>>> print(open('upload-v8.cif').read())   # mmCIF, C-alpha atoms and all ligand atoms
data_start
loop_
_atom_site.label_atom_id
_atom_site.label_comp_id
_atom_site.auth_asym_id
_atom_site.auth_seq_id
_atom_site.Cartn_x
_atom_site.Cartn_y
_atom_site.Cartn_z
CA MET G 521 16.98 -3.76 -8.19
CA ILE G 522 13.53 -4.28 -6.74
CA GLU G 523 12.31 -1.42 -4.61
CA THR G 524 10.83 -2.89 -1.44
CA LYS G 525 8.63 -1.30 1.21
CA ALA G 526 9.27 -2.37 4.78
CA TYR G 527 9.23 -1.59 8.48
CA ALA G 528 12.69 -1.43 9.98
CA ALA G 529 14.48 -0.68 13.23
CA GLN G 530 17.28 1.84 12.66
CA ASP G 531 19.07 0.75 15.87
CA GLY G 532 18.47 -1.27 19.02
CA ASN G 533 16.59 1.48 20.86
CA THR G 534 14.15 3.04 18.39
CA PRO G 535 10.70 1.80 17.38
CA LEU G 536 10.16 0.20 13.99
CA ALA G 537 9.19 2.68 11.26
CA PRO G 538 8.59 2.69 7.49
CA TRP G 539 11.73 2.19 5.39
CA THR G 540 12.46 1.47 1.75
CA PHE G 541 15.34 -0.62 0.40
CA ASN G 542 16.32 -2.64 -2.68
CA ARG G 543 16.17 -6.39 -3.04
CA ARG G 544 18.30 -8.15 -5.66
CA GLU G 545 16.89 -8.86 -9.12
CA VAL G 546 15.50 -12.35 -9.59
CA GLY G 547 18.40 -14.63 -10.59
CA PRO G 548 18.07 -17.85 -12.63
CA HIS G 549 17.48 -19.96 -9.48
CA ASP G 550 15.42 -17.40 -7.54
CA VAL G 551 11.74 -17.14 -6.71
CA ARG G 552 10.18 -13.79 -5.90
CA PHE G 553 6.93 -13.73 -3.97
CA ASP G 554 4.79 -10.89 -2.72
CA ILE G 555 4.36 -11.18 1.02
CA LEU G 556 0.74 -11.41 2.19
CA PHE G 557 1.28 -12.26 5.87
CA CYS G 558 4.21 -12.38 8.27
CA GLY G 559 4.14 -13.84 11.80
CA VAL G 560 5.74 -12.03 14.74
CA CYS G 561 8.22 -14.28 16.56
CA HIS G 562 9.75 -13.47 19.95
CA SER G 563 13.10 -13.81 18.15
CA ASP G 564 12.20 -10.66 16.17
CA LEU G 565 12.01 -8.79 19.46
CA HIS G 566 15.26 -10.32 20.80
CA ALA G 567 16.99 -9.35 17.52
CA ILE G 568 15.88 -5.72 17.23
CA ARG G 569 16.70 -5.09 20.91
CA ASN G 570 20.22 -6.63 20.56
CA ASP G 571 19.32 -9.14 23.30
CA TRP G 572 21.65 -11.87 22.00
CA PHE G 573 24.34 -9.88 20.14
CA ASP G 574 24.73 -6.59 18.29
CA GLY G 575 22.53 -6.76 15.22
CA ILE G 576 22.92 -5.43 11.69
CA PHE G 577 20.91 -2.22 11.26
CA PRO G 578 18.68 -1.04 9.67
CA MET G 579 16.96 -4.34 10.50
CA VAL G 580 13.79 -5.65 8.86
CA PRO G 581 12.65 -8.55 11.06
CA GLY G 582 10.24 -11.35 10.15
CA HIS G 583 10.84 -15.03 9.37
CA GLU G 584 7.33 -16.47 9.19
CA ILE G 585 6.64 -15.38 5.65
CA VAL G 586 3.90 -16.45 3.24
CA GLY G 587 2.66 -15.03 -0.04
CA ARG G 588 2.20 -15.58 -3.77
CA VAL G 589 4.87 -16.05 -6.41
CA VAL G 590 5.13 -13.15 -8.86
CA GLU G 591 8.35 -13.99 -10.71
CA VAL G 592 10.61 -17.01 -11.16
CA GLY G 593 14.13 -17.35 -12.59
CA GLU G 594 14.69 -19.27 -15.83
CA HIS G 595 16.02 -22.43 -14.08
CA VAL G 596 13.33 -22.60 -11.40
CA LYS G 597 11.44 -25.91 -11.59
CA LYS G 598 9.37 -26.23 -8.44
CA PHE G 599 7.42 -22.94 -8.54
CA LYS G 600 5.44 -20.95 -11.05
CA VAL G 601 3.81 -17.52 -10.95
CA GLY G 602 0.61 -17.63 -8.87
CA ASP G 603 1.71 -20.43 -6.51
CA LEU G 604 1.55 -19.94 -2.76
CA ALA G 605 5.01 -19.86 -1.19
CA GLY G 606 6.65 -19.53 2.20
CA THR G 607 10.03 -18.90 3.76
CA GLY G 608 11.16 -19.46 7.34
CA CYS G 609 14.24 -18.64 9.40
CA PHE G 610 16.97 -19.02 6.75
CA VAL G 611 17.31 -18.29 3.04
CA ASP G 612 20.60 -19.93 2.09
CA SER G 613 23.29 -22.40 3.20
CA ASP G 614 26.47 -23.81 1.67
CA GLN G 615 24.69 -27.00 0.48
CA THR G 616 27.96 -28.96 0.70
CA CYS G 617 28.57 -29.61 4.41
CA ASP G 618 27.47 -32.76 6.27
CA ASN G 619 24.52 -30.94 7.82
CA CYS G 620 23.23 -29.74 4.44
CA LYS G 621 23.71 -33.21 2.93
CA ASN G 622 21.65 -34.65 5.80
CA ASP G 623 18.77 -32.16 5.37
CA LEU G 624 19.86 -30.24 8.46
CA GLU G 625 20.57 -26.91 6.74
CA GLN G 626 19.56 -25.15 9.96
CA TYR G 627 22.83 -26.35 11.49
CA CYS G 628 25.01 -25.51 8.45
CA PRO G 629 27.89 -23.32 9.70
CA HIS G 630 27.29 -21.03 6.69
CA ARG G 631 23.51 -20.85 6.78
CA VAL G 632 22.15 -17.39 6.04
CA PHE G 633 19.37 -16.20 8.30
CA THR G 634 16.39 -14.48 6.71
CA TYR G 635 17.33 -11.20 8.38
CA ASN G 636 20.09 -9.77 10.59
CA ASN G 637 22.74 -11.74 8.68
CA LEU G 638 25.03 -11.31 5.66
CA GLY G 639 24.27 -13.32 2.52
CA PHE G 640 26.92 -14.99 0.34
CA ASP G 641 26.98 -11.72 -1.65
CA GLY G 642 28.19 -9.95 1.53
CA LEU G 643 25.02 -7.88 1.77
CA PRO G 644 22.61 -7.80 4.74
CA THR G 645 19.47 -9.89 4.56
CA TYR G 646 16.08 -8.32 5.25
CA GLY G 647 13.06 -10.20 6.55
CA GLY G 648 9.35 -10.45 6.09
CA TYR G 649 8.04 -7.17 7.49
CA SER G 650 8.12 -6.09 3.84
CA ASN G 651 6.04 -6.36 0.69
CA THR G 652 8.16 -8.70 -1.44
CA ILE G 653 11.09 -11.11 -1.12
CA VAL G 654 13.59 -12.88 -3.42
CA VAL G 655 14.77 -16.31 -2.25
CA ARG G 656 16.71 -19.18 -3.84
CA GLU G 657 14.28 -21.87 -4.95
CA GLU G 658 15.74 -24.51 -2.58
CA PHE G 659 14.74 -22.39 0.42
CA VAL G 660 11.14 -21.69 -0.62
CA LEU G 661 8.37 -23.92 0.75
CA HIS G 662 5.13 -25.02 -0.88
CA ILE G 663 1.96 -24.00 0.97
CA SER G 664 -1.39 -25.76 0.63
CA GLU G 665 -4.34 -23.73 -0.70
CA LYS G 666 -6.52 -25.63 1.81
CA LEU G 667 -5.54 -23.78 4.98
CA ASN G 668 -6.09 -20.21 6.22
CA LEU G 669 -2.96 -18.58 4.81
CA ALA G 670 -2.51 -16.03 7.62
CA ALA G 671 -2.61 -18.84 10.20
CA VAL G 672 -0.08 -20.87 8.19
CA ALA G 673 2.60 -18.14 8.45
CA PRO G 674 3.61 -19.05 12.07
CA LEU G 675 4.21 -22.65 11.02
CA LEU G 676 7.37 -21.45 9.24
CA CYS G 677 9.09 -20.85 12.60
CA ALA G 678 6.91 -21.61 15.66
CA GLY G 679 5.57 -24.69 13.88
CA ILE G 680 8.78 -26.29 12.65
CA THR G 681 10.75 -25.35 15.80
CA THR G 682 8.39 -27.46 17.92
CA TYR G 683 7.57 -30.17 15.34
CA SER G 684 11.24 -30.99 14.72
CA PRO G 685 12.31 -31.89 18.30
CA LEU G 686 9.07 -33.74 19.04
CA LYS G 687 9.78 -35.86 15.93
CA HIS G 688 13.49 -36.23 16.69
CA TRP G 689 12.88 -37.52 20.23
CA LYS G 690 9.89 -39.58 18.98
CA VAL G 691 7.43 -38.04 21.40
CA GLY G 692 4.03 -39.71 21.05
CA LYS G 693 1.68 -42.36 22.40
CA GLY G 694 2.43 -43.43 25.96
CA HIS G 695 4.51 -40.32 26.71
CA LYS G 696 3.72 -37.56 29.16
CA LEU G 697 4.82 -34.28 27.59
CA ALA G 698 4.93 -30.93 29.40
CA VAL G 699 4.91 -27.75 27.31
CA ILE G 700 6.55 -24.89 29.22
CA GLY G 701 5.19 -21.44 28.31
CA LEU G 702 1.99 -20.99 26.32
CA GLY G 703 3.00 -18.47 23.66
CA GLY G 704 3.69 -18.79 19.93
CA LEU G 705 5.97 -21.84 20.12
CA GLY G 706 4.20 -23.31 23.14
CA HIS G 707 0.74 -23.41 21.59
CA MET G 708 2.12 -25.17 18.50
CA ALA G 709 3.92 -27.68 20.75
CA VAL G 710 0.56 -28.42 22.40
CA LYS G 711 -1.10 -29.00 19.01
CA PHE G 712 1.69 -31.28 17.73
CA GLY G 713 2.04 -33.13 21.05
CA VAL G 714 -1.68 -33.91 21.04
CA ALA G 715 -1.63 -34.85 17.33
CA PHE G 716 1.28 -37.27 17.96
CA GLY G 717 -0.70 -38.98 20.75
CA ALA G 718 1.14 -37.74 23.86
CA GLU G 719 -0.59 -36.76 27.12
CA VAL G 720 0.06 -33.01 27.23
CA THR G 721 0.34 -30.75 30.28
CA VAL G 722 0.89 -27.00 29.94
CA LEU G 723 3.21 -25.44 32.55
CA SER G 724 2.38 -21.74 32.56
CA THR G 725 2.94 -18.59 34.58
CA SER G 726 -0.47 -17.28 33.45
CA PRO G 727 -3.47 -18.83 35.28
CA ASN G 728 -5.82 -17.10 32.82
CA LYS G 729 -4.53 -19.26 29.94
CA GLU G 730 -6.02 -22.49 31.30
CA ALA G 731 -9.23 -22.47 29.24
CA ASP G 732 -7.23 -21.79 26.06
CA ALA G 733 -4.75 -24.54 26.88
CA ARG G 734 -7.59 -27.04 27.17
CA ARG G 735 -9.25 -25.75 23.99
CA LEU G 736 -5.92 -26.27 22.19
CA GLY G 737 -6.06 -29.90 23.30
CA ALA G 738 -3.95 -29.98 26.49
CA HIS G 739 -5.07 -32.59 29.00
CA TYR G 740 -3.73 -30.82 32.10
CA PHE G 741 -2.69 -27.30 33.11
CA LEU G 742 -0.32 -26.35 35.90
CA VAL G 743 0.60 -22.90 37.25
CA THR G 744 4.34 -22.81 37.93
CA SER G 745 4.14 -19.90 40.40
CA ASP G 746 2.23 -22.21 42.79
CA PRO G 747 4.82 -24.30 44.72
CA LYS G 748 2.15 -26.85 45.71
CA GLN G 749 1.29 -27.61 42.08
CA VAL G 750 4.99 -27.87 41.20
CA GLU G 751 5.63 -30.21 44.14
CA GLU G 752 2.77 -32.46 43.09
CA ALA G 753 4.14 -32.66 39.55
CA LYS G 754 7.62 -33.90 40.61
CA LEU G 755 8.86 -36.92 38.58
CA SER G 756 5.85 -36.72 36.23
CA PHE G 757 7.02 -36.15 32.67
CA ASP G 758 8.94 -38.10 30.02
CA PHE G 759 9.64 -34.89 28.08
CA THR G 760 9.46 -31.17 28.78
CA ILE G 761 9.72 -28.72 25.89
CA ASP G 762 10.83 -25.34 27.17
CA THR G 763 9.73 -22.31 25.11
CA ILE G 764 10.44 -19.57 27.67
CA ALA G 765 12.03 -16.44 26.22
CA ALA G 766 13.38 -15.04 29.53
CA GLU G 767 15.61 -16.18 32.40
CA HIS G 768 14.02 -18.97 34.45
CA ASN G 769 14.71 -21.74 36.93
CA TYR G 770 15.80 -24.83 34.98
CA ASN G 771 16.24 -26.88 38.17
CA MET G 772 12.56 -26.55 38.99
CA TYR G 773 11.55 -27.88 35.57
CA MET G 774 14.14 -30.70 35.70
CA SER G 775 12.60 -31.84 39.00
CA MET G 776 9.33 -32.57 37.19
CA LEU G 777 11.00 -35.06 34.80
CA LYS G 778 10.87 -38.81 35.42
CA THR G 779 14.06 -40.89 35.46
CA ASP G 780 15.57 -40.77 31.92
CA GLY G 781 13.42 -37.73 31.16
CA VAL G 782 14.49 -35.21 28.51
CA HIS G 783 14.24 -31.42 28.85
CA ILE G 784 14.22 -29.90 25.36
CA CYS G 785 15.28 -26.25 25.19
CA VAL G 786 13.91 -24.24 22.28
CA GLY G 787 13.36 -20.89 24.03
CA LEU G 788 16.43 -18.63 23.87
CA PRO G 789 16.84 -16.42 26.95
CA ASP G 790 19.53 -13.79 26.52
CA LYS G 791 21.43 -14.76 29.70
CA PRO G 792 23.33 -18.02 30.36
CA ALA G 793 21.38 -20.52 32.44
CA THR G 794 22.22 -21.68 35.96
CA LEU G 795 21.76 -25.42 36.31
CA SER G 796 22.64 -27.72 39.18
CA ILE G 797 24.27 -30.85 37.75
CA PHE G 798 22.54 -32.76 40.57
CA SER G 799 19.27 -32.10 38.72
CA LEU G 800 20.65 -34.28 35.87
CA THR G 801 22.48 -36.99 37.81
CA GLY G 802 19.59 -37.60 40.20
CA GLY G 803 17.58 -39.46 37.55
CA ARG G 804 19.86 -39.86 34.49
CA LYS G 805 18.14 -36.86 32.91
CA SER G 806 19.08 -35.06 29.68
CA LEU G 807 19.09 -31.37 28.91
CA VAL G 808 19.05 -30.91 25.13
CA GLY G 809 18.43 -28.16 22.60
CA SER G 810 16.94 -27.88 19.16
CA GLY G 811 16.87 -25.12 16.54
CA MET G 812 14.29 -24.64 13.78
CA GLY G 813 14.20 -27.51 11.23
CA GLY G 814 15.65 -28.35 7.83
CA ILE G 815 13.92 -27.56 4.54
CA LYS G 816 12.80 -31.15 3.90
CA GLU G 817 11.35 -31.46 7.40
CA THR G 818 9.69 -28.04 7.16
CA GLN G 819 7.92 -29.15 3.97
CA GLU G 820 6.95 -32.42 5.69
CA MET G 821 5.53 -30.41 8.62
CA LEU G 822 3.56 -28.10 6.29
CA ASP G 823 2.13 -31.12 4.44
CA TYR G 824 1.28 -32.79 7.77
CA CYS G 825 -0.54 -29.63 8.88
CA ALA G 826 -2.51 -29.47 5.63
CA GLU G 827 -3.50 -33.12 6.05
CA HIS G 828 -4.47 -32.77 9.72
CA ASP G 829 -5.92 -29.25 9.52
CA ILE G 830 -3.38 -27.74 11.92
CA VAL G 831 -2.65 -24.00 11.88
CA ALA G 832 -1.66 -21.40 14.48
CA ASP G 833 -4.20 -19.47 16.58
CA ILE G 834 -3.55 -15.94 15.46
CA GLU G 835 -4.36 -12.33 16.21
CA MET G 836 -4.05 -10.25 13.05
CA ILE G 837 -2.47 -6.82 13.38
CA ASP G 838 -1.77 -3.82 11.16
CA MET G 839 1.89 -3.11 10.45
CA LYS G 840 1.72 0.21 12.32
CA ASP G 841 0.74 -1.60 15.55
CA ILE G 842 3.88 -3.74 15.72
CA GLU G 843 5.30 -2.01 18.81
CA ILE G 844 2.04 -2.64 20.71
CA ALA G 845 2.32 -6.32 19.77
CA TYR G 846 5.94 -6.38 21.05
CA GLU G 847 4.87 -4.81 24.37
CA ARG G 848 2.17 -7.43 24.82
CA MET G 849 4.59 -10.20 23.84
CA GLN G 850 7.05 -8.98 26.46
CA LYS G 851 4.31 -9.40 29.10
CA GLY G 852 3.38 -12.92 27.94
CA ASP G 853 0.09 -11.57 26.56
CA VAL G 854 0.13 -13.40 23.21
CA ARG G 855 -2.94 -15.34 22.00
CA TYR G 856 -1.13 -17.11 20.45
CA ARG G 857 0.72 -15.53 17.56
CA PHE G 858 0.52 -12.03 16.14
CA VAL G 859 0.43 -12.03 12.34
CA ILE G 860 0.91 -8.87 10.29
CA ASP G 861 -1.49 -8.28 7.41
CA MET G 862 0.99 -6.98 4.83
CA GLU G 863 -1.73 -5.09 2.96
CA THR G 864 -1.49 -2.59 5.81
CA LEU G 865 2.18 -1.85 5.14
P1 LIG F 1 6.20 -15.91 23.14
O1 LIG F 1 5.08 -16.05 22.18
O2 LIG F 1 6.48 -14.60 23.76
O3 LIG F 1 5.97 -17.04 24.28
C1 LIG F 1 6.84 -17.24 25.36
C2 LIG F 1 6.00 -17.68 26.57
O4 LIG F 1 6.89 -18.00 27.64
C3 LIG F 1 5.12 -16.61 27.14
O5 LIG F 1 3.88 -16.49 26.49
C4 LIG F 1 4.93 -17.07 28.57
O6 LIG F 1 3.95 -18.12 28.64
C5 LIG F 1 6.27 -17.70 28.89
N1 LIG F 1 7.16 -16.79 29.62
C6 LIG F 1 7.56 -15.56 29.24
N2 LIG F 1 8.38 -15.02 30.16
C7 LIG F 1 8.50 -15.94 31.12
C8 LIG F 1 9.23 -15.99 32.34
N3 LIG F 1 10.00 -14.96 32.74
N4 LIG F 1 9.15 -17.11 33.11
C9 LIG F 1 8.38 -18.13 32.73
N5 LIG F 1 7.65 -18.12 31.55
C10 LIG F 1 7.73 -17.05 30.77
O7 LIG F 1 7.58 -16.34 22.45
P2 LIG F 1 7.83 -17.37 21.23
O8 LIG F 1 7.75 -16.64 19.96
O9 LIG F 1 7.05 -18.57 21.46
O10 LIG F 1 9.38 -17.67 21.44
C11 LIG F 1 9.83 -18.28 22.64
C12 LIG F 1 11.35 -18.35 22.68
O11 LIG F 1 11.78 -19.27 21.68
C13 LIG F 1 12.06 -17.04 22.36
O12 LIG F 1 13.21 -16.94 23.19
C14 LIG F 1 12.48 -17.20 20.92
O13 LIG F 1 13.59 -16.43 20.56
C15 LIG F 1 12.82 -18.66 20.91
N6 LIG F 1 12.83 -19.29 19.59
C16 LIG F 1 13.73 -20.28 19.38
C17 LIG F 1 13.76 -20.95 18.18
C18 LIG F 1 14.72 -22.08 17.98
O14 LIG F 1 15.03 -22.41 16.84
N7 LIG F 1 15.17 -22.75 19.03
C19 LIG F 1 12.89 -20.58 17.16
C20 LIG F 1 11.96 -19.59 17.41
C21 LIG F 1 11.93 -18.93 18.62
P3 LIG F 1 3.02 -18.31 29.93
O15 LIG F 1 2.19 -17.08 30.00
O16 LIG F 1 2.24 -19.54 29.60
O17 LIG F 1 3.92 -18.51 31.11
ZN ZN F 2 10.99 -17.43 15.03
#
>>> encode(input="upload-v8.cif", output="structure tokens", more="lines below")
Ligand code: NAP
Ligand code: ZN
Amino acid sequence: MIETKAYAAQDGNTPLAPWTFNRREVGPHDVRFDILFCGVCHSDLHAIRNDWFDGIFPMVPGHEIVGRVVEVGEHVKKFKVGDLAGTGCFVDSDQTCDNCKNDLEQYCPHRVFTYNNLGFDGLPTYGGYSNTIVVREEFVLHISEKLNLAAVAPLLCAGITTYSPLKHWKVGKGHKLAVIGLGGLGHMAVKFGVAFGAEVTVLSTSPNKEADARRLGAHYFLVTSDPKQVEEAKLSFDFTIDTIAAEHNYNMYMSMLKTDGVHICVGLPDKPATLSIFSLTGGRKSLVGSGMGGIKETQEMLDYCAEHDIVADIEMIDMKDIEIAYERMQKGDVRYRFVIDMETL
């Protein structure tokens, strides 16, 4: 067993605190890498607070994980000691279902999430707020040495979760894209939308994020608490990508779509949404969802980012300050992804 240092929540109501546990020994197909940086996703906060469902505790969150390989199993072919490596939202899947065969492991009914899940061995998985991790080779990603490693970490979730739907719905040149919510996912959606050639508007509740939105490449910025600005934006967009983590008014956002427009949900509020079907029928509009991305597409996204020099805008924090980061995240005060420096664990 590999003794592992971590920060864990012991239940849904107590702050994260230091905790030690054992990871499995490196098997013939496993890669072990020491974690250098881990991004802080809003999903971490949803999970430790039992927002979506009752979690498995103690819980070690974190699924934007990067580091260096320190050990590989005897059958591992793609990695060697010293390589950079990363892992995102899941660490295993059945590899036999139609989704897995089509490089959509994220939709495999037996996928194993990086934390707050049971692995095929029946044991809980523990995430990246820890100093080392053991993952099956097929679920480990290659990371370019060219980019700032800390700023690459958020690509493993915020990056792929926005890249994948923009690619799937072929968002690009000639399209007007609105990014709803300028946080971790939202700021990556702006970067990818701009890189793919779309005209990008940020729809935000925070007027003080306008300068940042424009610096990130957005062409327009709209404050959704101002009814006049919302009215003026009616029937404007081909696509809206919705990254909001809390309850919100879907009908208002649907009204800003053109005929045949597509509203892509990636944000995961804990409560069911209220939607008037009239907001779909009055314009043949679609409300769709997308989750993470498969391993092949995640590698493609990482390679694309290395080629085009795309990383997250990050604020580095010490492990002990995680609860402060959560409080700020809850208030929408994220600029634009917290990343934990694992040396501070
Ligand atoms: P985040 O960094 O906290 O950003 C969310 C942003 O939404 C905030 O910065 C804020 O932007 C806006 N917002 C927050 N509360 C709002 C409200 N009540 N009404 C309107 N806007 C609000 O969160 P994140 O890490 O990007 O994650 C966003 C959501 O995506 C979470 O629910 C997370 O669980 C989910 N997620 C889903 C997937 C997937 O596979 N589908 C993957 C990762 C995360 P403004 O200040 O600009 O308004
Ligand atoms: Zn995430």
>>> closest_residue(input="upload-v8.cif", among="G:Val596, G:Met774, G:Leu702, G:Leu675", to="Asp853 (chain G)", atoms="only C-alpha atoms")
G:Leu702
>>> residues_around(input="upload-v8.cif", residues="region 841-846 of chain G", least_positions_apart="6", cutoff="10 Å", atoms="all atoms listed in the file", output="PyMOL selection string")
chain G and resi 527+535-537+560-562+564-565+649+835+852-854+857-860
>>> write_last_selection(input="upload-v8.cif", atoms="C-alpha atoms", output="short mmCIF file (atom, residue, chain, number, x, y, z; two decimals), in the frame of the given file")
data_model
loop_
_atom_site.label_atom_id
_atom_site.label_comp_id
_atom_site.auth_asym_id
_atom_site.auth_seq_id
_atom_site.Cartn_x
_atom_site.Cartn_y
_atom_site.Cartn_z
CA TYR G 527 9.23 -1.59 8.48
CA PRO G 535 10.70 1.80 17.38
CA LEU G 536 10.16 0.20 13.99
CA ALA G 537 9.19 2.68 11.26
CA VAL G 560 5.74 -12.03 14.74
CA CYS G 561 8.22 -14.28 16.56
CA HIS G 562 9.75 -13.47 19.95
CA ASP G 564 12.20 -10.66 16.17
CA LEU G 565 12.01 -8.79 19.46
CA TYR G 649 8.04 -7.17 7.49
CA GLU G 835 -4.36 -12.33 16.21
CA GLY G 852 3.38 -12.92 27.94
CA ASP G 853 0.09 -11.57 26.56
CA VAL G 854 0.13 -13.40 23.21
CA ARG G 857 0.72 -15.53 17.56
CA PHE G 858 0.52 -12.03 16.14
CA VAL G 859 0.43 -12.03 12.34
CA ILE G 860 0.91 -8.87 10.29
#
>>> closest_residue(input="upload-v8.cif", among="G:Val722, G:Cys558, G:Cys677, G:Ala733", to="Gln626 (chain G)", atoms="all atoms listed in the file")
G:Cys677
>>> closest_residue(input="upload-v8.cif", among="G:Thr681, G:Ser726, G:Asn622, G:Thr540", to="ligand ZN 2 (chain F)", atoms="all atoms listed in the file")
G:Thr681
>>> residues_near_ligand(input="upload-v8.cif", ligand="ligand ZN 2 (chain F)", cutoff="12 Å", atoms="all atoms listed in the file", output="ChimeraX atom specification")
/G:558-567,581-585,607-610,633-635,647-648,673-682,703-705,763,765,786-788,811-813,857-858
>>> residues_around(input="upload-v8.cif", residues="Gly802 (chain G)", least_positions_apart="6", cutoff="12 Å", atoms="all atoms listed in the file", output="PyMOL selection string")
chain G and resi 755+771+774-781+796
>>> atom_distance(input="upload-v8.cif", atom1="CA of Asn668 (chain G)", atom2="CA of Tyr683 (chain G)")
19.2 Å
>>> closest_residue(input="upload-v8.cif", among="G:Val672, G:Val691, G:Ala526, G:Ala766", to="Asp571 (chain G)", atoms="only C-alpha atoms")
G:Ala766
>>> closest_residue(input="upload-v8.cif", among="G:Gly587, G:Gly602, G:Gly706, G:Gly547", to="ligand LIG 1 (chain F)", atoms="all atoms listed in the file")
G:Gly706
>>> residues_around(input="upload-v8.cif", residues="region 637-643 of chain G", least_positions_apart="4", cutoff="8 Å", atoms="all atoms listed in the file", output="list in words")
Ile576, Asp612, Val632 and Phe633 of chain G
>>> closest_residue(input="upload-v8.cif", among="G:Val586, G:Ile764, G:Leu800, G:Met521", to="ligand LIG 1 (chain F)", atoms="all atoms listed in the file")
G:Ile764
>>> residues_around(input="upload-v8.cif", residues="Ile522 (chain G)", least_positions_apart="3", cutoff="12 Å", atoms="all atoms listed in the file", output="NGL selection string")
:G and (525 or 540-546 or 552-554 or 591 or 651-654)
>>> residues_around(input="upload-v8.cif", residues="Thr794 (chain G)", least_positions_apart="3", cutoff="9 Å", atoms="only C-alpha atoms", output="PyMOL selection string")
chain G and resi 768-771
>>> atom_distance(input="upload-v8.cif", atom1="atom P3 of ligand LIG 1 (chain F)", atom2="CA of Tyr740 (chain G)")
14.4 Å
>>> atom_distance(input="upload-v8.cif", atom1="CA of Gln530 (chain G)", atom2="atom O4 of ligand LIG 1 (chain F)")
26.9 Å
